[in-house]
Every structure is written in C-alpha cells, then in structure tokens.
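Following: one structure in structure tokens, then a few remarks.
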Amino acid sequence: MSRPPRLGPQSPSSLPFSPTLLETARVRLCLPGADAGLRALTYVKDNREHLGPFEPERPPDFYTLDYWKLRLELDREDFVEDRALRLMLMPRGVAPALAPVIGSVSFTQFRRGPLQMCELGYGLDHRWQGQGIMTEALQAAIPFVFERLGFHRIHANHLPENRRSAATLRRLGFSVEGYARDFLRIGGQWRDHVLTALVAPDAKPHPPR
Ligand SMILES: CC(C)(COP(=O)(O)OP(=O)(O)OC[C@H]1O[C@@H](n2cnc3c(N)ncnc32)[C@H](O)[C@@H]1OP(=O)(O)O)[C@@H](O)C(=O)NCCC(=O)NCCS
C-alpha cells in the first residue's frame, strides 16, 4: 500500500527546519534540539506549581535532563513525520542558543484526510503572564498551522475555572462548542472541560438547510 498524499498545501518535511520556526515582536517560537534540554527542564521545574493544576499526570522521569534531551529530539521527529508541532517560546533579544524557555505551544493529534484537525495546548512561565505574550505567540502560530500546514480546524479545551486560558482563546476568536464531563484526568481526578474550536478563516459557510 502506498502512502496517501496529504491534503495540506505543503508537507512539514519540505519546510525550512531551523530551530526558530516563527518570530513575533517579543518571542521566538522554536523547535530546538537536545542542546536546549536544560533550558526546557528549568522551565518545567520553575513552573511545576503554576502548570500542574491544568495538566495531566507526567511520567516519572519528566523532571530529568535525560527526558528533555530525548523529548526535544522526538518533538522534531514528530513534526517531520506530520504527527505534532510542539514549540518552545523564547524571548527575542537574547541569542537563540542562550535564551531561556518561557513557555510552550503545542499542536498535537494531527488528523489529516477529510478532518484536517489538531489540538492546541500551551503554557507560559508565571513570570511572563499578563503581558499578552501567549496571545502574540498564538497570533503567529495559528496562521502557520492553517496556511502552511493546511489544517482546517483547531480544538482547544480548558478547565471551566481557567479564566486566563478562556480569555486568551476568546481573544483569538475561538468559540465554545461544548462542555465535556470527566474529559481529562488531572491530579488523579477526572475533570470537566470546556471545548472550544477555531475554524480556518477561509472555511466555507454552512450550506443552507
Ligand atoms: C493560559 C496562559 C498561557 C495565559 O497567559 P496570559 O499571559 O494571561 O495570556 P495572554 O498572552 O493572552 O495575555 C493576556 C494578559 O495580558 C494582558 N495584556 C497586556 N498586553 C496585551 C496585549 N498586547 N495583548 C493581549 N493581552 C495583553 C491582558 O490584559 C491580560 O492580562 P490580565 O488577565 O491580567 O488582564 C497562562 O495563564 C498559563 O500558562 N496558565 C497555566 C497553563 C494553562 O492554563 N494552560 C492552558 C491549559 S487549557
């Protein structure tokens, strides 16, 4: 059986593959290699309490350097293989090889064929909140995902009490599409989530009934 052609305008493996994929006025969105392992580890360690309440349980070795060195290599592989795009945010104005990781943006669960859909997740260092940095990063990442990767729909889900995340999604034009009971297991408990989505701006309107 031969591999079916992708519907997107360009396959990820044909994109330029430098660690910096996108830049905004204040941040770089990067796909760094193992050399950024220590900086990624520092980010997750420094933000363990800040991010923990919103994320599923992590593997036992999540807070180790070996995990992050391998994980960053696998993230690059996932992008080349059209499975996921996991980006690290780094401030501009610091040399890329030295810049700290201040957040992450991930598009996962790539579904091609007639769906052309993926799932968005993100987190920001607690010291960088409240400045519009995540909105700015997503304003660059989302057009890339629609226009360059050819997706049609992005899903993003949040805990009902996650006011900051809900506001960021609203600002970006995501619409609430539903409410899922016991959606994700966080901290040993099944937690309800608000389901939101953004459809590519050039999507055709629904046909009249
Ligand atoms: C969700 C999260 C990324 C949002 O961070 P954030 O900094 O509030 O996000 P934004 O980039 O949208 O910034 C909005 C804030 O910056 C302010 N701001 C300043 N300049 C701004 C600008 N140019 N544009 C937009 N907002 C701006 C806004 O007023 C707002 O602050 P406020 O809530 O105090 O009013 C962050 O809270 C986080 O990491 N939370 C933990 C992990 C998490 O929840 N992940 C998502 C799981 S669903």
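Residues are referred to by chain and number: the chain letter is A, B, ... according to the order shown in the structure tokens, the number counts from 1 in that chain, and ligands are numbered separately from 1 in the order shown.
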
Expected answer as a VMD selection string: strand (DSSP E) residues in segment 22-175 of chain A: chain A and resid 22 to 23 27 to 30 85 to 91 103 to 111 117 to 124 153 to 158 175

Selected residues written out with N, CA and C atoms, as a JSON list (two decimals), in the first residue's frame:
```json
[["chain", "number", "residue", "atom", "x", "y", "z"],
["A", 22, "LEU", "N", 9.19, 30.53, 13.93],
["A", 22, "LEU", "CA", 8.43, 31.77, 13.77],
["A", 22, "LEU", "C", 8.96, 32.81, 14.75],
["A", 23, "GLU", "N", 8.77, 34.08, 14.40],
["A", 23, "GLU", "CA", 9.17, 35.16, 15.30],
["A", 23, "GLU", "C", 8.06, 36.19, 15.39],
["A", 27, "VAL", "N", 8.78, 37.39, 20.93],
["A", 27, "VAL", "CA", 9.20, 36.00, 21.16],
["A", 27, "VAL", "C", 9.56, 35.24, 19.89],
["A", 28, "ARG", "N", 10.38, 34.19, 20.10],
["A", 28, "ARG", "CA", 10.67, 33.22, 19.04],
["A", 28, "ARG", "C", 9.91, 31.95, 19.38],
["A", 29, "LEU", "N", 9.36, 31.31, 18.35],
["A", 29, "LEU", "CA", 8.70, 30.01, 18.53],
["A", 29, "LEU", "C", 9.63, 28.98, 17.90],
["A", 30, "CYS", "N", 10.18, 28.13, 18.74],
["A", 30, "CYS", "CA", 11.31, 27.29, 18.31],
["A", 30, "CYS", "C", 11.03, 25.80, 18.47],
["A", 85, "LEU", "N", 3.20, 19.40, 16.32],
["A", 85, "LEU", "CA", 4.15, 20.52, 16.32],
["A", 85, "LEU", "C", 4.19, 21.07, 17.73],
["A", 86, "ARG", "N", 5.32, 20.84, 18.42],
["A", 86, "ARG", "CA", 5.47, 21.34, 19.79],
["A", 86, "ARG", "C", 6.58, 22.38, 19.80],
["A", 87, "LEU", "N", 6.18, 23.61, 20.12],
["A", 87, "LEU", "CA", 7.12, 24.73, 20.03],
["A", 87, "LEU", "C", 7.48, 25.25, 21.41],
["A", 88, "MET", "N", 8.72, 25.64, 21.58],
["A", 88, "MET", "CA", 9.16, 26.31, 22.80],
["A", 88, "MET", "C", 9.21, 27.81, 22.54],
["A", 89, "LEU", "N", 8.75, 28.59, 23.49],
["A", 89, "LEU", "CA", 8.81, 30.05, 23.36],
["A", 89, "LEU", "C", 10.08, 30.56, 24.03],
["A", 90, "MET", "N", 10.78, 31.43, 23.32],
["A", 90, "MET", "CA", 11.99, 32.05, 23.88],
["A", 90, "MET", "C", 11.92, 33.54, 23.60],
["A", 91, "PRO", "N", 12.41, 34.36, 24.54],
["A", 91, "PRO", "CA", 12.33, 35.80, 24.31],
["A", 91, "PRO", "C", 13.28, 36.22, 23.19],
["A", 103, "GLY", "N", 7.93, 29.38, 27.73],
["A", 103, "GLY", "CA", 6.58, 28.85, 27.51],
["A", 103, "GLY", "C", 6.59, 27.81, 26.42],
["A", 104, "SER", "N", 5.43, 27.26, 26.16],
["A", 104, "SER", "CA", 5.31, 26.27, 25.08],
["A", 104, "SER", "C", 3.95, 26.39, 24.42],
["A", 105, "VAL", "N", 3.93, 26.04, 23.15],
["A", 105, "VAL", "CA", 2.70, 26.00, 22.37],
["A", 105, "VAL", "C", 2.73, 24.68, 21.61],
["A", 106, "SER", "N", 1.69, 23.88, 21.74],
["A", 106, "SER", "CA", 1.73, 22.61, 21.01],
["A", 106, "SER", "C", 0.45, 22.36, 20.24],
["A", 107, "PHE", "N", 0.63, 21.85, 19.05],
["A", 107, "PHE", "CA", -0.47, 21.39, 18.21],
["A", 107, "PHE", "C", -0.25, 19.89, 18.06],
["A", 108, "THR", "N", -1.15, 19.10, 18.59],
["A", 108, "THR", "CA", -0.94, 17.65, 18.62],
["A", 108, "THR", "C", -2.13, 16.93, 17.98],
["A", 109, "GLN", "N", -2.06, 15.60, 18.02],
["A", 109, "GLN", "CA", -3.15, 14.77, 17.49],
["A", 109, "GLN", "C", -3.50, 15.18, 16.06],
["A", 110, "PHE", "N", -2.49, 15.32, 15.22],
["A", 110, "PHE", "CA", -2.76, 15.70, 13.83],
["A", 110, "PHE", "C", -3.69, 14.66, 13.20],
["A", 111, "ARG", "N", -4.77, 15.14, 12.66],
["A", 111, "ARG", "CA", -5.68, 14.26, 11.93],
["A", 111, "ARG", "C", -5.85, 14.83, 10.53],
["A", 117, "MET", "N", -7.53, 18.36, 11.27],
["A", 117, "MET", "CA", -7.80, 18.95, 12.59],
["A", 117, "MET", "C", -6.62, 18.66, 13.53],
["A", 118, "CYS", "N", -6.40, 19.54, 14.51],
["A", 118, "CYS", "CA", -5.41, 19.25, 15.54],
["A", 118, "CYS", "C", -5.83, 19.90, 16.86],
["A", 119, "GLU", "N", -5.10, 19.55, 17.94],
["A", 119, "GLU", "CA", -5.43, 20.01, 19.30],
["A", 119, "GLU", "C", -4.37, 21.00, 19.77],
["A", 120, "LEU", "N", -4.81, 22.11, 20.30],
["A", 120, "LEU", "CA", -3.88, 23.13, 20.80],
["A", 120, "LEU", "C", -3.72, 23.03, 22.32],
["A", 121, "GLY", "N", -2.47, 23.16, 22.76],
["A", 121, "GLY", "CA", -2.18, 23.26, 24.20],
["A", 121, "GLY", "C", -1.08, 24.30, 24.40],
["A", 122, "TYR", "N", -1.03, 24.92, 25.57],
["A", 122, "TYR", "CA", 0.00, 25.94, 25.79],
["A", 122, "TYR", "C", 0.20, 26.22, 27.26],
["A", 123, "GLY", "N", 1.32, 26.83, 27.57],
["A", 123, "GLY", "CA", 1.61, 27.25, 28.95],
["A", 123, "GLY", "C", 2.69, 28.33, 28.90],
["A", 124, "LEU", "N", 2.67, 29.19, 29.91],
["A", 124, "LEU", "CA", 3.61, 30.32, 29.94],
["A", 124, "LEU", "C", 4.22, 30.40, 31.33],
["A", 153, "ARG", "N", -9.20, 23.05, 11.17],
["A", 153, "ARG", "CA", -9.88, 23.25, 12.46],
["A", 153, "ARG", "C", -8.87, 22.99, 13.58],
["A", 154, "ILE", "N", -8.90, 23.86, 14.60],
["A", 154, "ILE", "CA", -8.05, 23.66, 15.78],
["A", 154, "ILE", "C", -8.95, 23.57, 17.00],
["A", 155, "HIS", "N", -8.77, 22.53, 17.79],
["A", 155, "HIS", "CA", -9.52, 22.38, 19.04],
["A", 155, "HIS", "C", -8.65, 22.81, 20.22],
["A", 156, "ALA", "N", -9.27, 23.44, 21.22],
["A", 156, "ALA", "CA", -8.56, 23.78, 22.46],
["A", 156, "ALA", "C", -9.56, 23.63, 23.60],
["A", 157, "ASN", "N", -9.16, 22.93, 24.64],
["A", 157, "ASN", "CA", -10.07, 22.63, 25.75],
["A", 157, "ASN", "C", -9.48, 23.16, 27.05],
["A", 158, "HIS", "N", -10.35, 23.68, 27.92],
["A", 158, "HIS", "CA", -9.82, 24.20, 29.18],
["A", 158, "HIS", "C", -10.75, 23.88, 30.35],
["A", 175, "SER", "N", -14.40, 29.69, 19.52],
["A", 175, "SER", "CA", -15.79, 29.66, 20.01],
["A", 175, "SER", "C", -15.99, 28.43, 20.87]]
```

Test item: residues lying within 10 Å of ligand 1 with only C-alpha atoms and all ligand atoms, as a PyMOL selection string: chain A and resi 47-55+102-105+120-139+156-172+193-195

Mind dumping the selected residues with C-alpha atoms as a PDB file, in the first residue's frame?
```
ATOM      1  CA  ASN A  47       6.607  26.282  36.726  1.00  0.00           C
ATOM      2  CA  ARG A  48       5.673  22.981  38.339  1.00  0.00           C
ATOM      3  CA  GLU A  49       3.107  24.546  40.674  1.00  0.00           C
ATOM      4  CA  HIS A  50       1.856  27.026  38.067  1.00  0.00           C
ATOM      5  CA  LEU A  51       1.246  24.495  35.266  1.00  0.00           C
ATOM      6  CA  GLY A  52       0.466  21.401  37.355  1.00  0.00           C
ATOM      7  CA  PRO A  53      -3.226  22.178  38.103  1.00  0.00           C
ATOM      8  CA  PHE A  54      -4.020  22.280  34.354  1.00  0.00           C
ATOM      9  CA  GLU A  55      -2.033  19.352  33.009  1.00  0.00           C
ATOM     10  CA  ILE A 102       9.491  30.897  28.782  1.00  0.00           C
ATOM     11  CA  GLY A 103       6.580  28.850  27.514  1.00  0.00           C
ATOM     12  CA  SER A 104       5.312  26.268  25.084  1.00  0.00           C
ATOM     13  CA  VAL A 105       2.696  25.998  22.365  1.00  0.00           C
ATOM     14  CA  LEU A 120      -3.875  23.127  20.798  1.00  0.00           C
ATOM     15  CA  GLY A 121      -2.184  23.261  24.198  1.00  0.00           C
ATOM     16  CA  TYR A 122       0.001  25.945  25.788  1.00  0.00           C
ATOM     17  CA  GLY A 123       1.611  27.249  28.947  1.00  0.00           C
ATOM     18  CA  LEU A 124       3.608  30.315  29.938  1.00  0.00           C
ATOM     19  CA  ASP A 125       6.173  30.905  32.668  1.00  0.00           C
ATOM     20  CA  HIS A 126       4.291  32.513  35.577  1.00  0.00           C
ATOM     21  CA  ARG A 127       6.697  35.489  35.499  1.00  0.00           C
ATOM     22  CA  TRP A 128       5.717  36.277  31.879  1.00  0.00           C
ATOM     23  CA  GLN A 129       1.927  36.245  32.314  1.00  0.00           C
ATOM     24  CA  GLY A 130      -0.265  39.318  31.930  1.00  0.00           C
ATOM     25  CA  GLN A 131       1.654  40.911  29.037  1.00  0.00           C
ATOM     26  CA  GLY A 132      -0.130  39.419  26.038  1.00  0.00           C
ATOM     27  CA  ILE A 133       2.817  37.134  25.225  1.00  0.00           C
ATOM     28  CA  MET A 134       0.725  33.982  24.663  1.00  0.00           C
ATOM     29  CA  THR A 135      -1.801  35.842  22.530  1.00  0.00           C
ATOM     30  CA  GLU A 136       1.078  37.241  20.475  1.00  0.00           C
ATOM     31  CA  ALA A 137       2.708  33.817  20.051  1.00  0.00           C
ATOM     32  CA  LEU A 138      -0.559  32.188  19.015  1.00  0.00           C
ATOM     33  CA  GLN A 139      -1.316  35.010  16.589  1.00  0.00           C
ATOM     34  CA  ALA A 156      -8.565  23.782  22.457  1.00  0.00           C
ATOM     35  CA  ASN A 157     -10.075  22.633  25.746  1.00  0.00           C
ATOM     36  CA  HIS A 158      -9.822  24.202  29.184  1.00  0.00           C
ATOM     37  CA  LEU A 159     -10.955  23.660  32.754  1.00  0.00           C
ATOM     38  CA  PRO A 160     -14.109  25.708  33.436  1.00  0.00           C
ATOM     39  CA  GLU A 161     -12.303  27.748  36.113  1.00  0.00           C
ATOM     40  CA  ASN A 162      -9.258  28.516  33.926  1.00  0.00           C
ATOM     41  CA  ARG A 163     -10.176  32.143  33.400  1.00  0.00           C
ATOM     42  CA  ARG A 164      -6.859  33.186  31.862  1.00  0.00           C
ATOM     43  CA  SER A 165      -6.876  30.432  29.266  1.00  0.00           C
ATOM     44  CA  ALA A 166     -10.526  31.098  28.382  1.00  0.00           C
ATOM     45  CA  ALA A 167      -9.726  34.800  27.870  1.00  0.00           C
ATOM     46  CA  THR A 168      -6.736  34.035  25.634  1.00  0.00           C
ATOM     47  CA  LEU A 169      -8.836  31.712  23.447  1.00  0.00           C
ATOM     48  CA  ARG A 170     -11.670  34.250  23.236  1.00  0.00           C
ATOM     49  CA  ARG A 171      -9.197  36.953  22.207  1.00  0.00           C
ATOM     50  CA  LEU A 172      -8.010  34.705  19.374  1.00  0.00           C
ATOM     51  CA  HIS A 193     -13.574  20.734  30.288  1.00  0.00           C
ATOM     52  CA  VAL A 194     -14.994  23.492  28.109  1.00  0.00           C
ATOM     53  CA  LEU A 195     -14.468  22.543  24.445  1.00  0.00           C
TER      54      LEU A 195
END
```

Backbone-only DSSP, alpha helix (DSSP H) members of segment 34-191 of chain A, as a ChimeraX atom specification: /A:37-46,48-51,65-80,133-143,163-171

One-decimal distance in Å that lies between atom CA of Tyr67 of chain A and atom CA of Ile142 of chain A: 27.7 Å

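For the choices A:Ala141, A:Leu21, A:Ile186, A:Leu31, the atom-to-atom distance to Arg76 of chain A is smallest for A:Leu31 when using only C-alpha atoms.
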